$ cat entry.txt   # compact mmCIF, C-alpha atoms
# COMPACT_ATOMS: atom_id res chain seq x y z
CA MET A 1 -50.11 -133.71 84.66
CA LYS A 2 -52.01 -130.67 85.90
CA ILE A 3 -51.40 -127.52 83.83
CA PRO A 4 -51.06 -124.31 85.90
CA SER A 5 -54.01 -121.97 85.42
CA SER A 6 -51.75 -119.09 84.34
CA LEU A 7 -50.23 -121.24 81.62
CA LEU A 8 -53.67 -122.41 80.54
CA VAL A 9 -54.83 -118.81 80.10
CA ALA A 10 -51.71 -118.02 78.08
CA LEU A 11 -52.30 -121.01 75.83
CA MET A 12 -55.94 -120.00 75.28
CA LEU A 13 -54.92 -116.47 74.36
CA ALA A 14 -52.26 -117.77 71.98
CA ALA A 15 -54.79 -120.08 70.32
CA SER A 16 -57.25 -117.22 69.94
CA ALA A 17 -54.60 -114.96 68.42
CA SER A 18 -53.48 -117.64 65.98
CA ALA A 19 -57.09 -118.09 64.85
CA ALA A 20 -57.44 -114.42 63.97
CA GLU A 21 -57.05 -113.44 60.35
CA PRO A 22 -53.94 -111.46 59.42
CA ALA A 23 -54.36 -107.70 59.52
CA ARG A 24 -55.19 -106.14 56.18
CA SER A 25 -55.59 -102.61 54.83
CA LEU A 26 -58.77 -100.61 54.55
CA LEU A 27 -60.02 -99.91 51.05
CA PRO A 28 -58.57 -96.79 49.42
CA ALA A 29 -60.43 -93.62 50.39
CA ALA A 30 -62.85 -92.17 47.87
CA SER A 31 -62.76 -88.51 46.89
CA SER A 32 -65.95 -87.87 48.86
CA ASP A 33 -64.54 -89.42 52.06
CA LEU A 34 -63.43 -87.28 55.00
CA VAL A 35 -59.79 -88.17 55.68
CA PRO A 36 -57.26 -86.23 57.79
CA THR A 37 -53.99 -85.43 56.05
CA ARG A 38 -52.28 -84.40 59.29
CA LEU A 39 -52.96 -84.64 63.01
CA GLU A 40 -52.75 -81.99 65.68
CA ALA A 41 -52.48 -82.42 69.43
CA SER A 42 -55.12 -79.86 70.31
CA ALA A 43 -55.38 -78.78 73.94
CA LYS A 44 -58.79 -77.23 73.30
CA ASN A 45 -60.80 -80.22 74.53
CA GLN A 46 -58.40 -81.69 77.08
CA GLY A 47 -60.63 -80.61 79.97
CA ALA A 48 -63.68 -82.31 78.46
CA ALA A 49 -61.68 -85.42 77.54
CA ALA A 50 -60.39 -85.80 81.09
CA GLN A 51 -63.96 -86.27 82.34
CA LEU A 52 -64.72 -89.16 79.99
CA ASP A 53 -64.99 -92.81 81.01
CA HIS A 54 -61.91 -94.95 80.27
CA GLN A 55 -63.86 -98.22 80.12
CA PRO A 56 -64.52 -99.56 76.61
CA SER A 57 -68.10 -100.06 75.45
CA ALA A 58 -69.75 -101.64 72.43
CA MET A 59 -73.20 -102.28 70.99
CA SER A 60 -74.67 -103.69 67.79
CA TRP A 61 -78.16 -104.19 66.42
CA ALA A 62 -79.78 -105.78 63.38
CA LEU A 63 -80.90 -103.73 60.40
CA ASP A 64 -83.66 -104.24 57.88
CA PRO A 65 -81.96 -105.80 54.81
CA HIS A 66 -84.52 -104.07 52.59
CA ALA A 67 -83.71 -100.60 53.92
CA ALA A 68 -82.19 -98.17 51.43
CA LEU A 69 -79.18 -96.72 53.26
CA ASP A 70 -76.78 -94.12 51.91
CA ALA A 71 -73.27 -94.14 53.32
CA GLY A 72 -72.34 -90.91 51.55
CA PRO A 73 -72.60 -87.54 53.31
CA GLN A 74 -75.79 -85.61 52.53
CA PRO A 75 -75.23 -81.90 53.23
CA PHE A 76 -78.26 -79.76 53.96
CA VAL A 77 -79.34 -77.30 51.24
CA LYS A 78 -81.25 -74.21 52.34
CA HIS A 79 -83.95 -72.81 50.04
CA SER A 80 -84.64 -69.16 50.83
CA ARG A 81 -87.44 -66.77 49.92
CA GLU A 82 -86.33 -64.21 52.52
CA TYR A 83 -83.89 -61.48 53.49
CA TRP A 84 -82.92 -59.36 56.50
CA ILE A 85 -82.19 -55.63 56.87
CA ASP A 86 -80.74 -53.71 59.81
CA ALA A 87 -82.80 -50.52 60.06
CA SER A 88 -82.37 -47.39 62.15
CA ALA A 89 -85.18 -45.22 63.53
CA ASP A 90 -84.38 -42.64 60.83
CA ASP A 91 -84.76 -45.29 58.12
CA LEU A 92 -88.18 -46.30 59.40
CA GLN A 93 -89.38 -42.75 59.96
CA ARG A 94 -88.41 -41.72 56.42
CA GLY A 95 -89.60 -44.98 54.91
CA LEU A 96 -87.51 -48.18 54.72
CA ASN A 97 -87.17 -49.39 51.14
CA LEU A 98 -88.27 -53.01 50.66
CA ALA A 99 -88.61 -55.12 47.53
CA THR A 100 -91.07 -57.98 47.07
CA SER A 101 -91.77 -60.27 44.14
CA ALA A 102 -95.16 -61.66 45.17
CA ASN A 103 -98.23 -60.68 47.15
CA GLY A 104 -98.65 -61.70 50.77
CA ALA A 105 -95.14 -60.99 52.07
CA LEU A 106 -94.56 -61.37 55.82
CA ILE A 107 -92.55 -58.60 57.52
CA ARG A 108 -91.15 -59.06 61.00
CA MET A 109 -89.70 -56.14 62.97
CA SER A 110 -87.61 -56.94 66.07
CA PRO A 111 -85.91 -54.32 68.24
CA HIS A 112 -82.18 -54.91 68.66
CA ALA A 113 -80.94 -55.76 72.16
CA GLY A 114 -81.24 -52.81 74.53
CA ASN A 115 -83.66 -50.98 72.27
CA GLY A 116 -86.71 -49.93 74.24
CA GLY A 117 -88.52 -48.48 71.24
CA LEU A 118 -91.40 -50.93 70.93
CA LEU A 119 -93.47 -50.49 67.80
CA ASP A 120 -97.24 -50.04 67.82
CA PRO A 121 -98.53 -52.08 64.84
CA ALA A 122 -101.46 -49.69 64.45
CA SER A 123 -99.02 -46.83 63.72
CA LEU A 124 -97.26 -48.59 60.83
CA LEU A 125 -97.78 -47.49 57.22
CA ILE A 126 -96.96 -48.95 53.81
CA ARG A 127 -96.23 -46.79 50.78
CA SER A 128 -96.69 -48.55 47.42
CA GLY A 129 -97.80 -47.52 43.96
CA GLY A 130 -97.73 -43.87 44.95
CA LYS A 131 -100.23 -44.45 47.79
CA VAL A 132 -99.84 -44.62 51.55
CA HIS A 133 -101.83 -47.44 53.16
CA SER A 134 -102.75 -47.37 56.83
CA ALA A 135 -102.25 -50.44 59.00
CA GLY A 136 -105.91 -51.37 58.72
CA ALA A 137 -105.76 -51.51 54.93
CA ALA A 138 -102.16 -52.63 54.41
CA PHE A 139 -102.07 -55.65 56.70
CA ALA A 140 -104.11 -58.82 56.28
CA THR A 141 -102.78 -60.15 59.59
CA VAL A 142 -100.93 -58.64 62.56
CA ALA A 143 -99.24 -60.60 65.38
CA ASP A 144 -97.45 -59.07 68.36
CA GLU A 145 -94.87 -60.65 70.67
CA ALA A 146 -97.47 -62.37 72.84
CA ALA A 147 -99.21 -63.97 69.85
CA LEU A 148 -95.90 -65.08 68.33
CA ARG A 149 -94.73 -66.68 71.56
CA ALA A 150 -98.09 -68.38 71.99
CA ALA A 151 -97.55 -69.89 68.54
CA GLY A 152 -94.18 -71.30 69.66
CA MET A 153 -91.84 -68.70 68.15
CA ASP A 154 -88.91 -67.63 70.32
CA VAL A 155 -88.81 -63.97 69.24
CA PRO A 156 -87.07 -60.96 70.84
CA GLN A 157 -89.08 -58.70 73.09
CA GLY A 158 -91.22 -56.22 71.17
CA SER A 159 -91.31 -58.21 67.92
CA VAL A 160 -94.17 -57.62 65.48
CA VAL A 161 -95.12 -59.59 62.35
CA VAL A 162 -97.47 -58.31 59.66
CA LYS A 163 -98.75 -59.97 56.50
CA LEU A 164 -99.24 -57.59 53.59
CA ALA A 165 -102.72 -57.44 52.11
CA ASP A 166 -103.20 -57.97 48.38
CA VAL A 167 -104.13 -54.30 47.98
CA VAL A 168 -100.48 -53.44 48.65
CA GLY A 169 -99.34 -55.57 45.73
CA SER A 170 -95.65 -56.34 45.17
CA GLY A 171 -92.54 -54.63 43.83
CA GLN A 172 -90.90 -51.62 45.47
CA LEU A 173 -92.45 -50.74 48.85
CA GLN A 174 -91.66 -48.53 51.80
CA LEU A 175 -92.30 -49.44 55.43
CA LEU A 176 -92.94 -46.39 57.64
CA ALA A 177 -92.89 -46.37 61.44
CA PRO A 178 -93.28 -42.72 62.59
CA SER A 179 -92.79 -43.67 66.27
CA ALA A 180 -89.64 -45.78 65.74
CA SER A 181 -86.66 -45.23 68.05
CA GLY A 182 -83.41 -47.15 68.28
CA SER A 183 -82.57 -49.85 65.77
CA TYR A 184 -84.40 -52.90 64.45
CA LEU A 185 -83.89 -56.10 62.50
CA VAL A 186 -86.42 -56.29 59.66
CA HIS A 187 -87.09 -59.72 58.16
CA VAL A 188 -88.99 -60.08 54.87
CA PHE A 189 -90.30 -63.54 53.95
CA GLU A 190 -92.19 -64.19 50.70
CA PRO A 191 -93.93 -67.58 50.91
CA GLN A 192 -95.46 -67.18 47.43
CA SER A 193 -92.32 -65.99 45.64
CA ALA A 194 -90.89 -67.94 42.71
CA ILE A 195 -87.43 -66.46 43.33
CA VAL A 196 -85.66 -69.00 45.55
CA LEU A 197 -82.01 -68.84 46.59
CA SER A 198 -80.47 -72.28 47.26
CA LEU A 199 -77.33 -72.55 49.38
CA GLY A 200 -75.37 -75.62 50.38
CA ALA A 201 -71.88 -76.81 51.21
CA THR A 202 -70.47 -79.79 49.31
CA ARG A 203 -70.00 -81.68 52.60
CA ASP A 204 -71.43 -81.49 56.10
CA THR A 205 -68.06 -81.65 57.90
CA VAL A 206 -64.59 -80.34 57.10
CA LEU A 207 -61.34 -80.65 59.00
CA ALA A 208 -59.34 -77.64 60.17
CA GLY A 209 -57.00 -76.61 57.36
CA GLN A 210 -59.16 -78.13 54.63
CA ALA A 211 -61.21 -76.06 52.19
CA LEU A 212 -64.99 -75.84 52.33
CA LEU A 213 -66.77 -75.52 48.99
CA VAL A 214 -70.08 -73.62 49.04
CA ARG A 215 -72.47 -73.45 46.09
CA ALA A 216 -75.42 -71.09 45.56
CA SER A 217 -78.00 -70.75 42.80
CA VAL A 218 -81.48 -69.44 42.05
CA ASP A 219 -84.34 -71.25 40.36
CA ALA A 220 -84.74 -71.15 36.59
CA GLY A 221 -86.12 -67.88 35.35
CA ALA A 222 -84.12 -65.73 37.76
CA ASN A 223 -80.51 -64.62 37.99
CA LEU A 224 -78.14 -63.82 40.83
CA ASP A 225 -76.71 -60.41 40.07
CA GLN A 226 -74.34 -60.37 43.03
CA LEU A 227 -73.50 -62.57 46.00
CA SER A 228 -71.32 -62.27 49.11
CA GLY A 229 -70.67 -64.62 52.00
CA MET A 230 -69.71 -64.83 55.66
CA LEU A 231 -68.55 -67.83 57.69
CA SER A 232 -69.14 -67.65 61.46
CA SER A 233 -67.63 -70.05 63.98
CA ALA A 234 -69.53 -71.37 66.98
CA SER A 235 -67.47 -69.00 69.15
CA GLY A 236 -68.52 -65.96 67.09
CA HIS A 237 -65.45 -65.47 64.89
CA VAL A 238 -66.47 -64.15 61.44
CA GLN A 239 -64.58 -64.33 58.17
CA ASN A 240 -65.82 -62.96 54.87
CA PHE A 241 -65.46 -64.88 51.62
CA SER A 242 -66.19 -64.32 47.94
CA PHE A 243 -68.27 -66.25 45.41
CA ASN A 244 -67.33 -66.69 41.75
CA ARG A 245 -69.95 -67.05 39.03
CA GLN A 246 -69.81 -70.38 37.17
CA ALA A 247 -70.61 -71.13 33.54
CA ASP A 248 -73.97 -72.67 34.48
CA GLY A 249 -75.05 -69.50 36.31
CA SER A 250 -74.45 -70.85 39.80
CA TRP A 251 -71.96 -69.30 42.23
CA LEU A 252 -69.12 -71.19 43.94
CA ALA A 253 -66.94 -70.20 46.90
CA ARG A 254 -63.87 -71.87 48.34
CA VAL A 255 -63.16 -70.89 51.94
CA VAL A 256 -60.76 -72.35 54.52
CA PRO A 257 -62.22 -72.02 58.05
CA ASP A 258 -59.84 -70.34 60.48
CA ALA A 259 -58.17 -73.29 62.23
CA ALA A 260 -57.68 -71.29 65.43
CA HIS A 261 -61.45 -71.44 66.02
CA ALA A 262 -62.00 -75.09 65.02
CA GLY A 263 -62.99 -77.82 67.43
CA GLY A 264 -65.33 -77.69 70.37
CA PHE A 265 -69.09 -78.01 70.45
CA GLY A 266 -71.32 -76.14 68.02
CA LEU A 267 -71.71 -75.73 64.27
CA TRP A 268 -70.38 -73.03 61.95
CA GLU A 269 -72.85 -70.90 60.00
CA VAL A 270 -72.50 -70.18 56.29
CA HIS A 271 -74.38 -67.01 55.33
CA ALA A 272 -74.86 -65.86 51.74
CA PHE A 273 -76.62 -62.66 50.73
CA GLY A 274 -77.13 -61.00 47.37
CA GLN A 275 -79.53 -59.66 44.78
CA ALA A 276 -81.72 -61.87 42.59
CA SER A 277 -83.72 -60.65 39.64
CA THR A 278 -86.05 -61.51 36.79
CA SER A 279 -87.03 -59.34 33.84
CA LYS A 280 -89.73 -57.77 36.04
CA VAL A 281 -88.31 -57.42 39.56
CA SER A 282 -85.13 -57.43 41.64
CA VAL A 283 -85.18 -58.57 45.27
CA PRO A 284 -82.59 -59.27 47.97
CA ARG A 285 -82.12 -62.84 49.13
CA ASP A 286 -80.32 -64.22 52.22
CA ALA A 287 -79.68 -67.88 53.03
CA ARG A 288 -77.97 -69.66 55.89
CA THR A 289 -76.76 -73.21 56.36
CA ALA A 290 -74.47 -74.94 58.84
CA VAL A 291 -71.36 -77.14 58.76
CA ALA A 292 -69.12 -78.77 61.34
CA VAL A 293 -65.40 -77.93 61.50
CA SER A 294 -63.38 -80.57 63.36
CA ARG A 295 -59.85 -80.70 64.69
CA ALA A 296 -58.13 -83.89 63.51
CA THR A 297 -56.79 -85.24 66.82
CA ALA A 298 -56.90 -88.83 65.49
CA ARG A 299 -57.31 -90.83 62.30
CA LEU A 300 -57.64 -94.41 61.12
CA ASP A 301 -54.19 -95.92 60.58
CA GLY A 302 -55.50 -97.98 57.65
CA SER A 303 -55.45 -101.44 59.27
CA ILE A 304 -58.34 -103.81 59.96
CA GLN A 305 -58.27 -107.34 61.38
CA LYS A 306 -61.03 -109.90 61.75
CA LEU A 307 -60.57 -111.49 65.16
CA ALA A 308 -61.46 -115.01 66.21
CA GLN A 309 -64.88 -115.59 67.74
CA SER A 310 -64.67 -114.51 71.34
CA SER A 311 -67.28 -115.65 73.84
CA ARG A 312 -70.22 -116.69 71.67
CA ALA A 313 -70.30 -118.60 68.39
CA GLY A 314 -71.41 -116.45 65.49
CA ASP A 315 -70.02 -113.15 66.80
CA MET A 316 -67.71 -111.11 64.57
CA THR A 317 -65.20 -108.58 65.90
CA LEU A 318 -63.23 -106.24 63.67
CA ARG A 319 -60.14 -104.65 65.20
CA ILE A 320 -59.44 -101.28 63.58
CA GLY A 321 -56.25 -99.34 64.04
CA VAL A 322 -56.38 -95.70 65.17
CA GLN A 323 -53.53 -93.18 65.40
CA ALA A 324 -54.13 -90.52 68.05
CA ALA A 325 -52.31 -87.23 68.55
CA ALA A 326 -54.33 -86.38 71.67
CA ALA A 327 -55.49 -88.70 74.42
CA SER A 328 -59.28 -89.00 74.49
CA ARG A 329 -62.18 -91.40 74.27
CA TYR A 330 -62.73 -92.22 70.61
CA GLN A 331 -65.74 -93.84 68.98
CA LEU A 332 -66.14 -95.98 65.88
CA ALA A 333 -69.46 -96.48 64.11
CA ALA A 334 -70.15 -98.53 61.00
CA VAL A 335 -72.71 -100.51 59.04
CA LEU A 336 -72.07 -104.12 58.01
CA TYR A 337 -73.47 -105.30 54.69
CA GLY A 338 -73.95 -108.97 53.81
CA THR A 339 -74.71 -110.93 50.65
CA ASP A 340 -78.27 -112.10 50.03
CA SER A 341 -79.45 -115.07 47.95
CA ARG A 342 -79.29 -112.97 44.77
CA GLY A 343 -75.70 -111.99 45.43
CA GLN A 344 -76.67 -108.42 46.30
CA ARG A 345 -75.12 -106.40 49.14
CA VAL A 346 -77.76 -105.53 51.75
CA PRO A 347 -77.59 -104.02 55.27
CA VAL A 348 -77.18 -106.55 58.08
CA ALA A 349 -76.19 -104.76 61.28
CA ALA A 350 -74.85 -101.54 62.76
CA ALA A 351 -72.23 -101.33 65.49
CA HIS A 352 -70.78 -98.63 67.73
CA SER A 353 -67.72 -99.00 69.94
CA ALA A 354 -65.77 -96.57 72.09
CA ALA A 355 -62.47 -96.81 73.96
CA TRP A 356 -59.93 -94.57 75.64
CA LEU A 357 -56.79 -94.12 73.55
CA ASN A 358 -53.55 -92.53 74.64
CA THR A 359 -51.34 -90.76 72.12
CA GLY A 360 -49.77 -93.07 69.59
CA THR A 361 -51.26 -96.04 67.75
CA GLY A 362 -54.01 -98.13 69.30
CA ASN A 363 -57.07 -100.16 68.37
CA ILE A 364 -60.83 -100.05 68.76
CA ASP A 365 -62.86 -103.23 68.30
CA LEU A 366 -66.15 -103.11 66.41
CA ALA A 367 -68.22 -106.07 67.64
CA PHE A 368 -71.23 -107.49 65.79
CA ASP A 369 -73.04 -110.02 67.97
CA ALA A 370 -74.47 -113.28 66.66
CA ALA A 371 -78.08 -112.20 67.13
CA SER A 372 -77.56 -109.09 65.00
CA LEU A 373 -75.81 -111.04 62.26
CA SER A 374 -78.36 -113.85 62.05
CA ALA A 375 -81.57 -111.80 62.29
CA SER A 376 -81.80 -111.05 58.57
CA GLY A 377 -80.73 -114.46 57.27
CA VAL A 378 -78.04 -112.76 55.18
CA GLY A 379 -74.50 -114.08 55.26
CA ALA A 380 -70.92 -113.66 54.10
CA PRO A 381 -69.07 -112.24 52.32
CA TYR A 382 -69.51 -109.05 54.32
CA GLU A 383 -68.58 -105.45 53.57
CA LEU A 384 -68.00 -102.62 56.07
CA ARG A 385 -69.49 -99.27 55.08
CA ASP A 386 -70.04 -95.81 56.55
CA LEU A 387 -67.12 -96.19 58.95
CA ARG A 388 -66.79 -93.11 61.18
CA LEU A 389 -64.23 -92.04 63.76
CA ILE A 390 -65.47 -89.59 66.41
CA ASN A 391 -63.79 -87.78 69.29
CA GLN A 392 -66.22 -88.04 72.20
CA ALA A 393 -64.64 -85.03 73.93
CA ASP A 394 -66.72 -82.82 71.61
CA MET A 395 -68.45 -85.44 69.41
CA SER A 396 -66.56 -84.15 66.38
CA LEU A 397 -66.35 -86.31 63.27
CA LEU A 398 -62.69 -86.93 62.42
CA GLU A 399 -62.84 -89.44 59.58
CA ARG A 400 -65.53 -91.05 57.44
CA ARG A 401 -65.21 -93.83 54.85
CA GLU A 402 -68.14 -94.71 52.58
CA ARG A 403 -66.63 -98.15 51.86
CA ALA A 404 -64.05 -99.34 54.38
CA ALA A 405 -63.46 -103.05 53.83
CA SER A 406 -64.83 -105.96 51.77
CA GLY A 407 -64.54 -109.72 51.69
CA LEU A 408 -64.96 -110.08 55.44
$ encode --input "entry.txt" --output "structure tokens"
Amino acid sequence: MKIPSSLLVALMLAASASAAEPARSLLPAASSDLVPTRLEASAKNQGAAAQLDHQPSAMSWALDPHAALDAGPQPFVKHSREYWIDASADDLQRGLNLATSANGALIRMSPHAGNGGLLDPASLLIRSGGKVHSAGAAFATVADEAALRAAGMDVPQGSVVVKLADVVGSGQLQLLAPSASGSYLVHVFEPQSAIVLSLGATRDTVLAGQALLVRASVDAGANLDQLSGMLSSASGHVQNFSFNRQADGSWLARVVPDAAHAGGFGLWEVHAFGQASTSKVSVPRDARTAVAVSRATARLDGSIQKLAQSSRAGDMTLRIGVQAAAASRYQLAAVLYGTDSRGQRVPVAAAHSAAWLNTGTGNIDLAFDAASLSASGVGAPYELRDLRLINQADMSLLERRERAASGL
């Protein structure tokens, strides 16, 4: 008896489904994982989402089993030996007070936008130790806008950088510009200073409505006498926040980014500024770092299923459930670890997959092809790590699990 082709397809699909393992739950989230507690159907990126491809895509590639990978987030920490001052023409004509802690400080003066008062480096003076030093004596090096741009620096028009000569020394100084007009941004950088302000957030991404923890400290031998902070969104919204001194001498701030400005392309800037001192000198210090603030339009629903081999023997496909509050193209990325001959977990392959999801609960399949799995000679049992969910409408990270599933 000839079996109708439509029935044959149905039987093949049924056989494939029956061969799949039952769905199971992802491992419990760790405290360091990024996990949405609620979803929001944001309209902010609907225009960008509408332009995205609806066709699913997937790729995988082999990894070096000897590579040392870290699935935990590694926030950037800024180490600063610098500070900025907004200065008026009156400030510079009278003498702008500066503080340095080491010889050889670099001072950059940039006119604010619309300020036509370009500075002549030869007219600048430095007052230190009760003496006034002319430009020829005070500056070891002078670079104007043309020289700075030739060196690859994108500086505002009329910018000037000078390096203080050793004869100036360090400590309390005054910068004088008798011909100054308008307003300027003055940047002081001390490459030889031992007073270093370190600033970093505890994670590189937070979700709208969740708190961001920011920590600051100075190197041993110095103290932070005061510290303030500002958080600026990619759209320019600014909110001030306060630091609290900790028992170990560091400073900690807890700030919740304004959810109304979350989402979209661009990072948020964390800016800390204060006064650092030793027994001999007190100097300002500014530091900036960046974080991402995402809108949780989707999250993992907690389910994972190992599907039957599809078209080629040796492939492995993991179907992962996703709950979406906004229709968009969502991406999954993860690293698969295998077990080597010593019983150790080592990297085997990485995979990325993307698919269009409407609102509600859907799935995205992470596919590891046979070539990627066999390249290292490492086998089962497998473990899924560094699982990430991304909204491709703005490439925002929505969820991240350091360890997602084991025993695969």
$ atom_distance --input "entry.txt" --atom1 "atom CA of Gln210 of chain A" --atom2 "atom CA of Ala354 of chain A"
26.2 Å
$ residues_around --input "entry.txt" --residues "Gly360 of chain A" --least-positions-apart "5" --cutoff "10 Å" --atoms "all atoms listed in the file" --output "list of chain:residue names"
A:Ala298, A:Val322, A:Gln323, A:Ala324, A:Ala325, A:Ala326, A:Ala327
$ write_last_selection --input "entry.txt" --atoms "C-alpha atoms" --output "PDB file, in the coordinates of the input"
ATOM      1  CA  ALA A 298     -56.900 -88.830  65.490  1.00  0.00           C
ATOM      2  CA  VAL A 322     -56.380 -95.700  65.170  1.00  0.00           C
ATOM      3  CA  GLN A 323     -53.530 -93.180  65.400  1.00  0.00           C
ATOM      4  CA  ALA A 324     -54.130 -90.520  68.050  1.00  0.00           C
ATOM      5  CA  ALA A 325     -52.310 -87.230  68.550  1.00  0.00           C
ATOM      6  CA  ALA A 326     -54.330 -86.380  71.670  1.00  0.00           C
ATOM      7  CA  ALA A 327     -55.490 -88.700  74.420  1.00  0.00           C
TER       8      ALA A 327
END
$ closest_residue --input "entry.txt" --among "A:Leu173, A:Val186, A:Leu98, A:Val291" --to "Gly130 of chain A" --atoms "all atoms listed in the file"
A:Leu173
$ axis_aligned_box --input "entry.txt" --around "segment 341-359 of chain A" --padding-each-side "3 Å" --output "AutoDock Vina command-line options"
--center_x -65.4 --center_y -102.9 --center_z 60.2 --size_x 34.1 --size_y 30.3 --size_z 36.9
$ residues_around --input "entry.txt" --residues "Gly158 of chain A" --least-positions-apart "6" --cutoff "10 Å" --atoms "only C-alpha atoms" --output "list in words"
Met109, Ser110, Pro111, His112, Asn115, Gly116, Gly117, Leu118, Leu119, Asp120, Asp144, Glu145 and Ala146 of chain A
$ atom_distance --input "entry.txt" --atom1 "atom CA of Ser217 of chain A" --atom2 "atom CA of Ala194 of chain A"
13.2 Å
$ residues_around --input "entry.txt" --residues "segment 365-367 of chain A" --least-positions-apart "4" --cutoff "7 Å" --atoms "all atoms listed in the file" --output "list in words"
Ala58, Ser60, Met316, Thr317, Leu318, Arg319, Ile320, Ala351, His352 and Ser353 of chain A
$ atom_distance --input "entry.txt" --atom1 "atom CA of Asn244 of chain A" --atom2 "atom CA of Lys78 of chain A"
19.0 Å
$ closest_residue --input "entry.txt" --among "A:Asp90, A:Asp315, A:Glu399, A:Asp286" --to "Leu227 of chain A" --atoms "only C-alpha atoms"
A:Asp286
